[in-house]
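Participant: Input file: final22.pdb. Contents: PDB, C-alpha atoms and all ligand atoms.
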```pdb
ATOM      1  CA  MET T  26      -7.863   1.377 -23.558
ATOM      2  CA  THR T  27      -6.153   4.129 -25.531
ATOM      3  CA  ALA T  28      -3.386   6.530 -24.587
ATOM      4  CA  GLU T  29      -5.844   9.457 -24.803
ATOM      5  CA  SER T  30      -8.402   7.968 -22.437
ATOM      6  CA  PRO T  31      -6.711   6.135 -19.583
ATOM      7  CA  VAL T  32      -8.873   3.855 -17.488
ATOM      8  CA  VAL T  33      -9.682   5.140 -14.019
ATOM      9  CA  ALA T  34      -8.771   2.510 -11.424
ATOM     10  CA  ILE T  35      -9.720   4.483  -8.313
ATOM     11  CA  ARG T  36     -12.222   7.302  -8.014
ATOM     12  CA  VAL T  37     -12.766   9.183  -4.772
ATOM     13  CA  GLU T  38     -15.310  12.006  -4.650
ATOM     14  CA  GLY T  39     -16.253  14.155  -1.681
ATOM     15  CA  LEU T  40     -14.998  11.581   0.792
ATOM     16  CA  SER T  41     -15.414  12.573   4.442
ATOM     17  CA  HIS T  42     -15.190  10.499   7.573
ATOM     18  CA  GLU T  43     -15.904  11.136  11.224
ATOM     19  CA  PHE T  44     -14.849   9.134  14.250
ATOM     20  CA  GLU T  45     -17.066   9.911  17.233
ATOM     21  CA  GLY T  46     -18.099  13.245  15.774
ATOM     22  CA  ARG T  47     -14.551  14.252  14.872
ATOM     23  CA  ARG T  48     -13.730  14.776  11.177
ATOM     24  CA  VAL T  49     -10.606  12.914  10.136
ATOM     25  CA  LEU T  50     -11.184  13.092   6.363
ATOM     26  CA  GLU T  51     -12.722  16.208   4.844
ATOM     27  CA  ASP T  52     -14.078  16.336   1.285
ATOM     28  CA  VAL T  53     -11.267  14.367  -0.354
ATOM     29  CA  SER T  54     -11.473  13.882  -4.149
ATOM     30  CA  PHE T  55      -8.995  12.405  -6.636
ATOM     31  CA  THR T  56      -8.633   9.743  -9.311
ATOM     32  CA  VAL T  57      -5.865   7.251 -10.016
ATOM     33  CA  GLU T  58      -5.382   5.789 -13.480
ATOM     34  CA  GLU T  59      -4.830   2.114 -14.070
ATOM     35  CA  GLY T  60      -1.192   1.134 -13.551
ATOM     36  CA  GLN T  61      -0.227   4.311 -11.707
ATOM     37  CA  ILE T  62       1.524   4.506  -8.366
ATOM     38  CA  LEU T  63      -0.051   7.046  -6.008
ATOM     39  CA  VAL T  64       1.934   7.907  -2.888
ATOM     40  CA  VAL T  65      -0.025   9.368   0.037
ATOM     41  CA  MET T  66       2.015  11.580   2.347
ATOM     42  CA  GLY T  67       1.258  13.605   5.436
ATOM     43  CA  ALA T  68       2.033  13.944   9.124
ATOM     44  CA  SER T  69       1.020  11.267  11.573
ATOM     45  CA  GLY T  70      -2.707  11.458  12.359
ATOM     46  CA  GLY T  71      -3.461  13.151   9.024
ATOM     47  CA  GLY T  72      -5.877  10.426   7.896
ATOM     48  CA  LYS T  73      -3.694   8.292   5.602
ATOM     49  CA  THR T  74      -4.585   4.922   7.091
ATOM     50  CA  THR T  75      -8.242   5.931   7.315
ATOM     51  CA  LEU T  76      -8.164   6.750   3.595
ATOM     52  CA  LEU T  77      -6.691   3.306   2.787
ATOM     53  CA  ARG T  78      -9.331   1.631   4.951
ATOM     54  CA  CYS T  79     -12.071   3.496   3.056
ATOM     55  CA  LEU T  80     -10.536   2.393  -0.271
ATOM     56  CA  SER T  81     -10.446  -1.208   0.893
ATOM     57  CA  GLY T  82     -14.029  -1.278   2.152
ATOM     58  CA  LEU T  83     -12.837  -2.170   5.669
ATOM     59  CA  LEU T  84     -14.357   1.112   6.778
ATOM     60  CA  SER T  85     -17.533   2.647   5.406
ATOM     61  CA  PRO T  86     -17.049   6.426   5.183
ATOM     62  CA  SER T  87     -19.565   8.915   6.548
ATOM     63  CA  GLU T  88     -19.902  10.633   3.154
ATOM     64  CA  GLY T  89     -18.738  10.459  -0.433
ATOM     65  CA  LEU T  90     -18.090   8.076  -3.285
ATOM     66  CA  VAL T  91     -15.289   5.492  -3.396
ATOM     67  CA  GLU T  92     -14.945   3.388  -6.532
ATOM     68  CA  VAL T  93     -12.291   0.795  -7.292
ATOM     69  CA  GLY T  94     -12.201  -0.829 -10.708
ATOM     70  CA  GLY T  95     -15.690   0.552 -11.359
ATOM     71  CA  VAL T  96     -17.108  -1.077  -8.208
ATOM     72  CA  ASP T  97     -18.817   1.166  -5.634
ATOM     73  CA  VAL T  98     -16.983   0.158  -2.448
ATOM     74  CA  ARG T  99     -19.728   1.325  -0.080
ATOM     75  CA  LYS T 100     -22.374  -0.657  -1.918
ATOM     76  CA  GLU T 101     -20.353  -3.778  -2.666
ATOM     77  CA  PRO T 102     -17.367  -3.986  -0.306
ATOM     78  CA  GLU T 103     -16.991  -7.741  -0.824
ATOM     79  CA  ARG T 104     -16.800  -7.403  -4.593
ATOM     80  CA  ALA T 105     -14.376  -4.496  -4.303
ATOM     81  CA  ARG T 106     -12.130  -6.494  -1.981
ATOM     82  CA  GLU T 107     -11.791  -9.262  -4.566
ATOM     83  CA  ARG T 108      -9.862  -6.764  -6.707
ATOM     84  CA  LEU T 109      -7.685  -5.430  -3.892
ATOM     85  CA  GLY T 110      -4.537  -6.525  -2.108
ATOM     86  CA  PHE T 111      -3.555  -4.974   1.215
ATOM     87  CA  VAL T 112      -0.009  -4.871   2.574
ATOM     88  CA  PHE T 113      -0.297  -3.933   6.244
ATOM     89  CA  GLN T 114       2.123  -1.784   8.198
ATOM     90  CA  TYR T 115       3.178  -4.699  10.415
ATOM     91  CA  ALA T 116       3.146  -7.465   7.764
ATOM     92  CA  ALA T 117       0.506  -9.419   9.794
ATOM     93  CA  LEU T 118       1.704 -12.898   8.839
ATOM     94  CA  PHE T 119       0.456 -16.136  10.362
ATOM     95  CA  ASP T 120       3.156 -17.009  12.903
ATOM     96  CA  TYR T 121       2.530 -20.742  12.770
ATOM     97  CA  LEU T 122       2.785 -21.007   8.970
ATOM     98  CA  ASN T 123       6.042 -20.959   7.056
ATOM     99  CA  VAL T 124       6.766 -18.506   4.220
ATOM    100  CA  GLU T 125       5.401 -20.757   1.502
ATOM    101  CA  GLU T 126       2.215 -21.525   3.461
ATOM    102  CA  ASN T 127       1.689 -17.857   4.250
ATOM    103  CA  ILE T 128       1.886 -16.964   0.552
ATOM    104  CA  ALA T 129      -0.414 -19.817  -0.488
ATOM    105  CA  PHE T 130      -2.929 -19.205   2.318
ATOM    106  CA  GLY T 131      -5.567 -17.375   0.263
ATOM    107  CA  LEU T 132      -4.990 -19.534  -2.821
ATOM    108  CA  ARG T 133      -5.816 -22.702  -0.937
ATOM    109  CA  ARG T 134      -9.147 -21.190   0.052
ATOM    110  CA  LYS T 135     -10.015 -20.189  -3.490
ATOM    111  CA  ARG T 136     -11.957 -22.799  -5.410
ATOM    112  CA  GLY T 137     -10.613 -24.226  -8.625
ATOM    113  CA  SER T 138      -6.826 -24.121  -8.135
ATOM    114  CA  THR T 139      -4.929 -27.404  -8.220
ATOM    115  CA  SER T 140      -1.997 -27.963  -5.870
ATOM    116  CA  ALA T 141       0.366 -27.865  -8.878
ATOM    117  CA  GLN T 142      -0.977 -24.412  -9.804
ATOM    118  CA  ILE T 143      -0.659 -23.217  -6.229
ATOM    119  CA  ARG T 144       2.946 -24.454  -6.104
ATOM    120  CA  GLU T 145       3.767 -22.755  -9.402
ATOM    121  CA  THR T 146       2.240 -19.424  -8.321
ATOM    122  CA  THR T 147       4.013 -19.576  -4.963
ATOM    123  CA  GLU T 148       7.385 -20.244  -6.627
ATOM    124  CA  ARG T 149       6.900 -17.380  -9.076
ATOM    125  CA  LEU T 150       6.044 -14.990  -6.234
ATOM    126  CA  LEU T 151       8.993 -16.163  -4.148
ATOM    127  CA  ARG T 152      11.223 -15.202  -7.070
ATOM    128  CA  LEU T 153       9.482 -11.864  -7.579
ATOM    129  CA  VAL T 154      10.050 -10.839  -3.939
ATOM    130  CA  HIS T 155      13.538 -12.395  -3.835
ATOM    131  CA  LEU T 156      12.815 -14.973  -1.160
ATOM    132  CA  GLU T 157      13.949 -18.132  -2.951
ATOM    133  CA  GLY T 158      15.416 -20.497  -0.373
ATOM    134  CA  ALA T 159      13.404 -19.037   2.518
ATOM    135  CA  GLU T 160      10.179 -20.952   1.796
ATOM    136  CA  LYS T 161      10.397 -23.217   4.874
ATOM    137  CA  LYS T 162      11.240 -20.464   7.359
ATOM    138  CA  LEU T 163       8.770 -19.270   9.981
ATOM    139  CA  PRO T 164       7.974 -15.542  10.322
ATOM    140  CA  SER T 165       9.910 -15.454  13.626
ATOM    141  CA  GLU T 166      13.068 -16.435  11.711
ATOM    142  CA  LEU T 167      12.731 -13.550   9.239
ATOM    143  CA  SER T 168      13.996  -9.964   9.351
ATOM    144  CA  GLY T 169      11.559  -7.034   9.122
ATOM    145  CA  GLY T 170      12.260  -6.508   5.412
ATOM    146  CA  MET T 171      11.719 -10.189   4.628
ATOM    147  CA  ARG T 172       8.409 -10.221   6.507
ATOM    148  CA  LYS T 173       7.204  -7.264   4.458
ATOM    149  CA  ARG T 174       8.163  -9.097   1.275
ATOM    150  CA  VAL T 175       6.170 -12.164   2.351
ATOM    151  CA  GLY T 176       3.217  -9.856   3.086
ATOM    152  CA  LEU T 177       3.467  -8.446  -0.428
ATOM    153  CA  ALA T 178       3.750 -11.897  -2.037
ATOM    154  CA  ARG T 179       0.709 -13.054  -0.089
ATOM    155  CA  ALA T 180      -1.319 -10.070  -1.310
ATOM    156  CA  LEU T 181      -0.166 -10.607  -4.913
ATOM    157  CA  ALA T 182      -1.088 -14.292  -4.840
ATOM    158  CA  MET T 183      -4.736 -13.277  -5.095
ATOM    159  CA  THR T 184      -3.979 -11.423  -8.388
ATOM    160  CA  PRO T 185      -5.370  -8.064  -7.289
ATOM    161  CA  ASP T 186      -5.789  -5.200  -9.771
ATOM    162  CA  ILE T 187      -4.989  -2.722  -7.027
ATOM    163  CA  VAL T 188      -2.550  -3.026  -4.120
ATOM    164  CA  LEU T 189      -2.709  -0.771  -1.042
ATOM    165  CA  TYR T 190       0.466  -0.445   1.044
ATOM    166  CA  ASP T 191       0.456   1.135   4.494
ATOM    167  CA  GLU T 192       3.970   2.421   5.242
ATOM    168  CA  PRO T 193       5.760  -0.534   3.667
ATOM    169  CA  THR T 194       9.223   0.909   4.386
ATOM    170  CA  SER T 195       8.735   2.362   7.863
ATOM    171  CA  GLY T 196      11.199   1.027  10.414
ATOM    172  CA  LEU T 197      13.485  -0.366   7.727
ATOM    173  CA  ASP T 198      17.072   0.706   7.094
ATOM    174  CA  PRO T 199      17.611   2.714   3.859
ATOM    175  CA  VAL T 200      19.004  -0.231   1.864
ATOM    176  CA  THR T 201      16.085  -2.519   2.721
ATOM    177  CA  ALA T 202      13.629   0.332   2.163
ATOM    178  CA  TYR T 203      15.153   0.780  -1.298
ATOM    179  CA  SER T 204      14.626  -2.906  -2.086
ATOM    180  CA  ILE T 205      10.947  -2.651  -1.073
ATOM    181  CA  ASP T 206      10.522   0.438  -3.290
ATOM    182  CA  GLN T 207      12.106  -1.478  -6.135
ATOM    183  CA  LEU T 208       9.649  -4.291  -5.521
ATOM    184  CA  ILE T 209       6.680  -1.907  -5.714
ATOM    185  CA  VAL T 210       7.960  -0.623  -9.059
ATOM    186  CA  ASP T 211       8.697  -4.177 -10.340
ATOM    187  CA  THR T 212       5.223  -5.306  -9.317
ATOM    188  CA  ARG T 213       3.673  -2.523 -11.321
ATOM    189  CA  ARG T 214       5.869  -3.271 -14.329
ATOM    190  CA  GLU T 215       5.403  -7.036 -14.292
ATOM    191  CA  LEU T 216       1.784  -7.294 -13.189
ATOM    192  CA  GLY T 217       0.405  -3.889 -14.234
ATOM    193  CA  VAL T 218      -1.213  -3.324 -10.834
ATOM    194  CA  THR T 219      -2.350   0.082  -9.646
ATOM    195  CA  SER T 220      -0.761   0.962  -6.317
ATOM    196  CA  VAL T 221      -1.514   3.286  -3.424
ATOM    197  CA  VAL T 222       1.439   3.616  -1.069
ATOM    198  CA  VAL T 223       1.382   5.499   2.236
ATOM    199  CA  SER T 224       4.904   6.737   2.903
ATOM    200  CA  HIS T 225       6.865   9.187   5.036
ATOM    201  CA  ASP T 226      10.004   8.732   3.077
ATOM    202  CA  LEU T 227      10.568  11.516   0.575
ATOM    203  CA  THR T 228      13.425   9.772  -1.251
ATOM    204  CA  SER T 229      11.186   6.796  -1.747
ATOM    205  CA  VAL T 230       8.313   9.006  -2.907
ATOM    206  CA  MET T 231      10.426  10.647  -5.587
ATOM    207  CA  ARG T 232      11.600   7.215  -6.698
ATOM    208  CA  VAL T 233       8.270   5.455  -7.083
ATOM    209  CA  ALA T 234       5.410   7.976  -7.360
ATOM    210  CA  ASP T 235       3.504   8.921 -10.505
ATOM    211  CA  ARG T 236       1.225  11.040  -8.323
ATOM    212  CA  VAL T 237       1.502  12.427  -4.807
ATOM    213  CA  ALA T 238      -1.460  13.068  -2.506
ATOM    214  CA  PHE T 239      -0.721  15.199   0.547
ATOM    215  CA  LEU T 240      -3.131  14.956   3.486
ATOM    216  CA  GLU T 241      -3.069  17.626   6.174
ATOM    217  CA  ALA T 242      -5.508  17.127   9.062
ATOM    218  CA  GLY T 243      -7.810  15.169   6.774
ATOM    219  CA  ARG T 244      -7.760  17.601   3.869
ATOM    220  CA  LEU T 245      -6.107  16.916   0.541
ATOM    221  CA  THR T 246      -3.897  19.996   0.185
ATOM    222  CA  PHE T 247      -1.901  18.778  -2.805
ATOM    223  CA  PHE T 248      -2.489  16.251  -5.558
ATOM    224  CA  GLY T 249      -0.183  16.055  -8.554
ATOM    225  CA  ALA T 250       3.195  15.025  -9.944
ATOM    226  CA  PRO T 251       6.084  14.472  -7.484
ATOM    227  CA  GLU T 252       8.226  17.207  -9.076
ATOM    228  CA  GLU T 253       5.435  19.765  -8.649
ATOM    229  CA  PHE T 254       4.974  18.643  -5.079
ATOM    230  CA  ARG T 255       8.640  19.209  -4.356
ATOM    231  CA  LYS T 256       8.499  22.706  -5.850
ATOM    232  CA  ALA T 257       5.144  23.732  -4.429
ATOM    233  CA  ARG T 258       5.396  22.386  -0.898
ATOM    234  CA  ARG T 259       9.000  22.811   0.194
ATOM    235  CA  ASP T 260       7.854  24.050   3.639
ATOM    236  CA  ALA T 261       5.655  21.041   4.349
ATOM    237  CA  ILE T 262       8.280  18.627   3.060
ATOM    238  CA  GLU T 263      10.991  20.019   5.333
ATOM    239  CA  GLU T 264       8.667  19.654   8.293
ATOM    240  CA  LEU T 265       7.901  16.029   7.385
ATOM    241  CA  VAL T 266      11.560  15.151   6.923
ATOM    242  CA  GLU T 267      12.339  16.709  10.310
ATOM    243  CA  LYS T 268       9.515  14.771  12.015
ATOM    244  CA  ALA T 269      10.517  11.487  10.376
ATOM    245  CA  ARG T 270      14.086  11.999  11.595
ATOM    246  CA  ALA T 271      12.901  12.698  15.135
ATOM    247  CA  GLU T 272      10.643   9.616  15.112
ATOM    248  CA  ALA T 273      13.451   7.376  13.837
ATOM    249  CA  PHE T 274      15.686   8.756  16.584
ATOM    250  CA  LEU T 275      13.078   8.224  19.311
ATOM    251  CA  SER T 276      12.232   4.707  18.185
ATOM    252  CA  GLY T 277      15.903   3.703  18.486
ATOM    253  CA  THR T 278      17.657   1.526  15.963
ATOM    254  CA  PHE T 279      16.334   0.568  12.556
ATOM    255  CA  GLU T 280      15.120  -2.916  11.869
ATOM    256  CA  SER T 281      17.608  -4.214   9.368
ATOM    257  CA  GLN T 282      17.462  -6.380   6.217
TER     258      GLN T 282
HETATM  259  N1  LIG G 301     -10.882   3.596  14.951
HETATM  260  C1  LIG G 301     -10.710   4.880  15.312
HETATM  261  N2  LIG G 301     -11.495   5.457  16.237
HETATM  262  C2  LIG G 301     -11.337   6.772  16.577
HETATM  263  N3  LIG G 301     -10.403   7.572  16.032
HETATM  264  C3  LIG G 301      -9.587   7.050  15.107
HETATM  265  C4  LIG G 301      -9.694   5.681  14.682
HETATM  266  N4  LIG G 301      -8.749   5.446  13.723
HETATM  267  C5  LIG G 301      -8.087   6.603  13.556
HETATM  268  N5  LIG G 301      -8.577   7.571  14.380
HETATM  269  C6  LIG G 301      -8.119   8.980  14.432
HETATM  270  O1  LIG G 301      -8.233   9.521  13.139
HETATM  271  C7  LIG G 301      -7.135  10.381  12.822
HETATM  272  C8  LIG G 301      -6.436   9.900  11.569
HETATM  273  O2  LIG G 301      -5.824   8.648  11.847
HETATM  274  P1  LIG G 301      -5.028   7.807  10.756
HETATM  275  O3  LIG G 301      -5.857   7.676   9.548
HETATM  276  O4  LIG G 301      -4.580   6.563  11.423
HETATM  277  O5  LIG G 301      -3.798   8.770  10.446
HETATM  278  P2  LIG G 301      -2.376   8.459   9.774
HETATM  279  O6  LIG G 301      -2.423   7.096   9.169
HETATM  280  O7  LIG G 301      -2.199   9.553   8.761
HETATM  281  O8  LIG G 301      -1.360   8.546  10.863
HETATM  282  C9  LIG G 301      -6.242  10.370  14.060
HETATM  283  O9  LIG G 301      -6.544  11.507  14.826
HETATM  284  C10 LIG G 301      -6.645   9.109  14.778
HETATM  285  O10 LIG G 301      -6.456   9.229  16.159
HETATM  286 MG    MG G 302      -1.255   5.362   9.495
END
```
As structure tokens, what does this structure read like?
Ligand SMILES: Nc1ncnc2c1ncn2[C@@H]1O[C@H](COP(=O)(O)OP(=O)(O)O)[C@@H](O)[C@H]1O
Ligand SMILES: [Mg+2]
Facilitator:
Amino acid sequence: MTAESPVVAIRVEGLSHEFEGRRVLEDVSFTVEEGQILVVMGASGGGKTTLLRCLSGLLSPSEGLVEVGGVDVRKEPERARERLGFVFQYAALFDYLNVEENIAFGLRRKRGSTSAQIRETTERLLRLVHLEGAEKKLPSELSGGMRKRVGLARALAMTPDIVLYDEPTSGLDPVTAYSIDQLIVDTRRELGVTSVVVSHDLTSVMRVADRVAFLEAGRLTFFGAPEEFRKARRDAIEELVEKARAEAFLSGTFESQ
């Protein structure tokens, strides 16, 4: 790898998807370089989660090419998934396993790791996500922010090259959201992973993004640097900020810590 020719980690070309005859993604194309953080923005229903599902191979798109780490996701979804980590919107932890067991879950199923190696990896990840001391707690004893951090540690345990995050800060108070953003940046710095983050939060976008993708009704209407996005799409941004505020108000109090 040289500075002049960065490695492409994700390539999407002419991606379209229909649900029951209705187009929810329309001719989407972009590339993400290795180690970059791409933030996907857009109003609710714009197709952000569908795009992540196509990247992860959980959904096979109606048309187009999706490649992660050089693997054609439509042809070899299993192989593509070996390179991917997925941090779901609602953490999706195993309720009956404690923090440590949740993080080690995938590792225990992978052949060739000794229990000493699993313990070492789990301890390192607990430190990375700042959950030292919480290893014996059950998900029900954790706050929303802590659950999201366990979800991230569990995804990272499988040493993915690419991590997909679906609204990792939604429903969190600003301080906790900031700590999750920091974690996304730290993860990139320490592990060199490429990240795709779906977010509504403009402050967070400006803080973490190398590239912004803006989806409007399934079409990619902007792709570029965050500063350009801010300048070019002031109208759309104001609308998003207004909607996010209204949603936060309607959903009541924030989940804290
Ligand atoms: N499994 C599904 N079946 C039918 N329609 C779906 C399905 N998943 C999503 N949709 C529709 O596709 C559109 C995009 O959804 P989604 O990707 O979840 O948007 P976002 O994550 O940006 O809010 C929405 O209109 C949604 O109702
Ligand atoms: Mg979504």
Participant: Neighbouring residues of Asp226 of chain T were defined as those with any atom within 12 Å, considering all atoms listed in the file; residues of the same chain fewer than 2 positions away were excluded. Please report them as a VMD selection string.
Facilitator: chain T and resid 64 to 68 192 to 199 202 to 203 206 222 to 224 228 to 234 262 to 263 265 to 270 273
Participant: Just the number, please: distance in Å from atom N3 of ligand LIG 301 (chain G) to atom CA of Phe239 of chain T, one decimal.
Facilitator: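 Distance between the two atoms: 19.8 Å.
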Participant: Taking into account all atoms listed in the file, which residue in the set T:Glu252, T:Glu215, T:Asp191, T:Glu148 is nearest to ligand MG 302 (chain G)?
Facilitator: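 Counting all atoms listed in the file, the residue closest to ligand MG 302 (chain G) is T:Asp191.
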Participant: Interatomic distance between atom CA of Ile62 of chain T and atom CA of Lys100 of chain T?
Facilitator: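 According to the coordinates, atom CA of Ile62 of chain T and atom CA of Lys100 of chain T are separated by 25.3 Å.
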Participant: Could you please determine the separation between atom CA of Val221 of chain T and atom CA of Val188 of chain T in Å, to one decimal place?
Facilitator: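 Value for the atom CA of Val221 of chain T-atom CA of Val188 of chain T distance: 6.4 Å.
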